[in-house]
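coords-v9.txt follows (compact mmCIF, C-alpha atoms):
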# COMPACT_ATOMS: atom_id res chain seq x y z
CA MET A 1 76.20 95.09 117.14
CA ILE A 2 75.65 93.75 113.65
CA ASN A 3 73.67 90.82 112.33
CA ALA A 4 75.54 87.82 110.96
CA GLN A 5 74.12 88.38 107.46
CA ASP A 6 75.79 91.84 107.38
CA ILE A 7 79.34 90.41 107.51
CA LYS A 8 81.39 91.37 104.45
CA ILE A 9 85.07 91.06 103.54
CA GLY A 10 87.03 93.48 105.71
CA THR A 11 84.48 93.57 108.56
CA CYS A 12 86.16 93.46 111.96
CA ILE A 13 84.37 91.68 114.82
CA ARG A 14 85.18 90.95 118.46
CA MET A 15 84.59 87.33 119.40
CA ASP A 16 85.80 85.41 122.49
CA GLY A 17 87.81 88.47 123.56
CA LYS A 18 89.82 88.56 120.30
CA LEU A 19 89.55 90.69 117.16
CA TYR A 20 89.00 89.05 113.77
CA PHE A 21 88.83 90.37 110.21
CA CYS A 22 86.52 88.63 107.75
CA ILE A 23 88.60 87.49 104.76
CA ASP A 24 85.90 85.39 103.06
CA PHE A 25 82.19 84.73 103.48
CA LEU A 26 79.44 82.70 101.85
CA HIS A 27 75.68 83.03 102.32
CA VAL A 28 74.46 79.39 102.42
CA LYS A 29 70.82 78.48 101.89
CA PRO A 30 70.53 74.68 102.15
CA GLY A 31 67.52 72.85 100.74
CA LYS A 32 66.47 71.87 104.25
CA GLY A 33 67.12 73.82 107.42
CA ASN A 34 67.96 77.41 108.22
CA THR A 35 70.10 79.80 106.21
CA PHE A 36 73.55 80.50 107.64
CA MET A 37 76.79 82.40 106.92
CA ARG A 38 80.01 80.45 106.42
CA THR A 39 82.98 82.74 107.12
CA LYS A 40 86.76 82.69 107.24
CA LEU A 41 88.08 84.94 109.99
CA LYS A 42 91.69 86.05 110.47
CA ASP A 43 92.94 86.74 113.99
CA VAL A 44 94.34 90.27 114.06
CA VAL A 45 97.09 89.52 116.59
CA ASN A 46 98.62 86.22 115.46
CA GLY A 47 97.26 85.83 111.91
CA TYR A 48 95.55 82.48 112.44
CA VAL A 49 92.63 81.80 110.11
CA LEU A 50 89.56 79.98 111.38
CA GLU A 51 86.32 78.97 109.71
CA ARG A 52 83.11 79.77 111.56
CA ARG A 53 79.38 79.39 110.87
CA PHE A 54 76.88 81.97 112.04
CA ASN A 55 73.11 81.59 111.97
CA ILE A 56 71.19 84.36 110.21
CA GLY A 57 70.02 86.89 112.76
CA GLU A 58 72.82 86.09 115.21
CA LYS A 59 74.20 89.27 116.80
CA LEU A 60 77.95 89.96 116.60
CA GLU A 61 80.01 92.73 118.17
CA ASP A 62 81.53 94.81 115.39
CA VAL A 63 84.66 96.89 115.85
CA ARG A 64 85.21 100.13 113.98
CA VAL A 65 88.75 100.24 112.61
CA GLU A 66 90.65 103.10 111.03
CA ARG A 67 93.47 102.93 108.47
CA ARG A 68 95.85 105.85 108.61
CA PRO A 69 99.13 106.50 106.81
CA HIS A 70 102.17 106.60 109.09
CA GLN A 71 105.80 107.24 108.15
CA PHE A 72 108.53 105.00 109.58
CA LEU A 73 111.12 107.12 111.39
CA TYR A 74 113.57 104.85 113.25
CA LYS A 75 113.94 101.67 115.30
CA GLU A 76 114.27 101.92 119.08
CA GLY A 77 114.95 98.58 120.81
CA ASP A 78 112.21 96.16 119.75
CA ASP A 79 109.84 98.99 118.83
CA TYR A 80 109.57 100.86 115.56
CA MET A 81 108.70 104.56 115.75
CA PHE A 82 106.08 105.86 113.30
CA MET A 83 104.72 109.35 112.71
CA ASN A 84 101.06 109.94 111.86
CA GLN A 85 100.95 111.77 108.50
CA GLU A 86 97.90 113.84 109.54
CA THR A 87 98.55 114.81 113.19
CA PHE A 88 102.36 114.33 113.29
CA ASP A 89 102.05 112.32 116.54
CA GLN A 90 104.75 109.70 117.04
CA ILE A 91 103.80 106.20 118.17
CA PRO A 92 105.86 103.05 118.86
CA ILE A 93 104.73 99.80 117.24
CA ALA A 94 106.09 96.41 118.28
CA HIS A 95 108.01 94.25 115.79
CA ASP A 96 105.35 91.50 115.92
CA LEU A 97 102.55 93.84 114.79
CA ILE A 98 104.20 94.88 111.50
CA ASN A 99 103.42 92.79 108.40
CA GLY A 100 106.46 92.76 106.08
CA VAL A 101 108.83 94.26 108.67
CA ASP A 102 111.92 92.83 106.88
CA PHE A 103 111.32 95.24 103.98
CA LEU A 104 110.83 98.39 106.05
CA LEU A 105 113.04 101.39 105.17
CA GLU A 106 113.34 104.77 106.88
CA GLY A 107 110.84 107.23 105.44
CA MET A 108 108.53 104.51 104.10
CA VAL A 109 104.80 105.18 104.50
CA VAL A 110 102.75 102.26 105.85
CA ASP A 111 99.07 101.76 106.71
CA VAL A 112 98.47 101.52 110.47
CA VAL A 113 95.17 99.88 111.41
CA SER A 114 93.80 100.81 114.84
CA ASP A 115 90.67 100.22 116.90
CA ALA A 116 88.73 103.50 116.64
CA SER A 117 87.12 103.24 120.08
CA THR A 118 90.28 102.58 122.12
CA GLU A 119 92.94 103.97 119.71
CA THR A 120 94.84 100.68 120.14
CA VAL A 121 97.13 99.79 117.24
CA LEU A 122 96.10 96.44 115.79
CA TYR A 123 98.81 96.08 113.13
CA ALA A 124 100.85 97.95 110.53
CA GLU A 125 101.05 96.91 106.89
CA VAL A 126 104.02 97.55 104.62
CA PRO A 127 102.86 98.04 100.99
CA ILE A 128 102.36 94.70 99.21
CA LYS A 129 104.99 95.45 96.56
CA VAL A 130 108.15 97.45 97.24
CA GLN A 131 111.14 98.34 95.09
CA MET A 132 114.60 97.87 96.57
CA LYS A 133 118.16 97.99 95.36
CA VAL A 134 120.24 94.79 95.52
CA THR A 135 123.27 95.49 97.74
CA TYR A 136 124.96 92.11 97.44
CA THR A 137 124.62 88.98 95.33
CA GLU A 138 126.98 86.46 93.76
CA PRO A 139 127.53 86.96 90.03
CA GLY A 140 125.51 84.61 87.83
CA LEU A 141 127.23 82.23 85.42
CA LYS A 142 126.86 83.21 81.78
CA GLY A 143 124.73 80.76 79.82
CA ASP A 144 123.27 79.08 82.90
CA THR A 145 119.66 79.86 82.04
CA ALA A 146 118.38 76.40 81.11
CA THR A 147 116.69 75.98 84.49
CA ASN A 148 114.71 78.36 86.64
CA THR A 149 117.49 78.59 89.25
CA LEU A 150 117.42 81.18 92.01
CA LYS A 151 120.26 82.64 94.07
CA PRO A 152 120.21 84.62 97.33
CA ALA A 153 120.49 88.42 97.15
CA THR A 154 120.64 90.96 99.97
CA VAL A 155 118.53 94.11 99.49
CA GLU A 156 119.00 97.56 101.07
CA SER A 157 116.74 96.75 104.06
CA GLY A 158 119.04 93.83 104.97
CA ALA A 159 116.57 91.10 104.00
CA THR A 160 117.58 88.18 101.79
CA VAL A 161 115.49 87.46 98.68
CA ARG A 162 115.79 84.58 96.20
CA VAL A 163 116.33 86.12 92.72
CA PRO A 164 117.02 84.76 89.21
CA LEU A 165 120.64 84.33 88.10
CA PHE A 166 120.60 87.36 85.75
CA ILE A 167 120.08 89.87 88.63
CA SER A 168 123.31 91.62 89.58
CA GLU A 169 124.45 94.00 92.33
CA GLY A 170 123.11 97.55 92.09
CA GLU A 171 119.93 96.64 90.20
CA THR A 172 116.49 97.55 91.56
CA ILE A 173 113.98 94.73 91.98
CA GLU A 174 110.32 94.54 92.98
CA ILE A 175 109.50 92.33 95.99
CA ASP A 176 106.21 90.94 97.32
CA THR A 177 106.33 91.72 101.06
CA ARG A 178 103.72 89.10 102.01
CA ASP A 179 106.10 86.19 101.37
CA GLY A 180 109.39 87.94 100.50
CA SER A 181 109.43 86.69 96.92
CA TYR A 182 111.00 88.29 93.84
CA VAL A 183 108.43 89.78 91.44
CA SER A 184 110.41 91.51 88.67
CA ARG A 185 113.38 93.63 87.74
CA VAL A 186 112.68 97.40 87.65
CA LYS A 187 113.90 99.14 84.54
CA ALA A 188 115.60 102.47 85.23
Please express the file's structure as structure tokens.
Amino acid sequence: MINAQDIKIGTCIRMDGKLYFCIDFLHVKPGKGNTFMRTKLKDVVNGYVLERRFNIGEKLEDVRVERRPHQFLYKEGDDYMFMNQETFDQIPIAHDLINGVDFLLEGMVVDVVSDASTETVLYAEVPIKVQMKVTYTEPGLKGDTATNTLKPATVESGATVRVPLFISEGETIEIDTRDGSYVSRVKA
């Protein structure tokens, strides 16, 4: 158990039978009344964000979480098989629990976050920025650079990304896996 004033960004708590990560907090001391903590909590399972106030001194159930590197091996049905980089144990992780699953390639190392007490996998996180080769895109028209126009491009993982007109097939680009957006072209 932790006190409400001990909540920091990244703290994981169990509340109403669900797990939440603190993504933002503010210690509020109004002119009148008691001090309280205003927090933004993200549901681990479905990603919903809720705002919640806690009185100072209120007891909360904290959850100890562990981040461990796992290597993606292969897909089996709806599950993705990962290997722990330290113990070499293989574990299946459901499609819904992987953030950035569209940009997952064989051999990629991801962070798997699990509940330390029950060894339950909470979610897996693909790195925020990944570099991938463009496998297919329509050729851009020469001189059509007056506007910031984007075209669809398919990358090696099979995902479609909106890229600028000057990107051509075979080039390597950097992608933000949180929203699937183009970041930059990677120079060889």
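Counting from CA of Lys42 in chain A, the distance to CA of Met83 in chain A is 26.8 Å.
Residues with any atom within 8 Å of His95 in chain A, counting all atoms listed in the file and excluding same-chain neighbours fewer than 2 positions away, are Asp78, Asp79, Tyr80, Ile93, Leu97, Ile98 and Val101 of chain A.
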Which polymer residues have any atom within 12 Å of an atom of Phe88 in chain A, counting all atoms listed in the file, with same-chain residues fewer than 4 positions away left out, as a ChimeraX atom specification? /A:68-73,81-84
So that I can check the surroundings of range 126-133 of chain A, please list as number ranges by chain every protein, DNA and RNA residue that reaches within 8 Å of it, counting only C-alpha atoms and ignoring chain neighbours fewer than 4 positions away. A: 98-101, 103-104, 109-111, 155-157, 170-178, 186
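For the atom pair formed by CA of Pro164 in chain A and CA of Thr135 in chain A, the distance is 15.1 Å, given to one decimal.
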What is the distance, in Å and to one decimal place, between CA of Val134 in chain A and CA of Leu150 in chain A?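 CA of Leu150 in chain A lies 14.3 Å from CA of Val134 in chain A.
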At a cut-off of 8 Å, using all atoms listed in the file, what residues contact Val44 in chain A? Leave out same-chain residues fewer than 4 positions from it and give the result as a list in words.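 Result of the neighbour search: Lys18, Leu19, Tyr20, Phe21, Leu122 and Tyr123 of chain A.
For the choices A:Glu138, A:Glu58, A:Glu119, A:Glu76, the atom-to-atom distance to Met1 in chain A is smallest for A:Glu58 when using only C-alpha atoms.
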Counting all atoms listed in the file, what is within 12 Å of range 25-39 of chain A, bar same-chain residues fewer than 5 positions away, as a VMD selection string? chain A and resid 3 to 11 13 20 49 to 58
With 8 Å as the threshold, what does the neighbourhood of (120.6, 89.2, 95.3) contain in terms of residues, counting only C-alpha atoms? Coordinates are those of the file; answer as a VMD selection string. chain A and resid 134 to 138 151 to 155 160 to 163 167 to 169
Quick one: of A:Glu61, A:Glu66, A:Asp179, A:Asp43, who's nearest to Val121 in chain A, counting all atoms listed in the file? A:Glu66
Counting all atoms listed in the file, which residue out of A:Gly180, A:Lys75, A:Phe166, A:Arg67 sits closest to Glu125 in chain A? A:Arg67
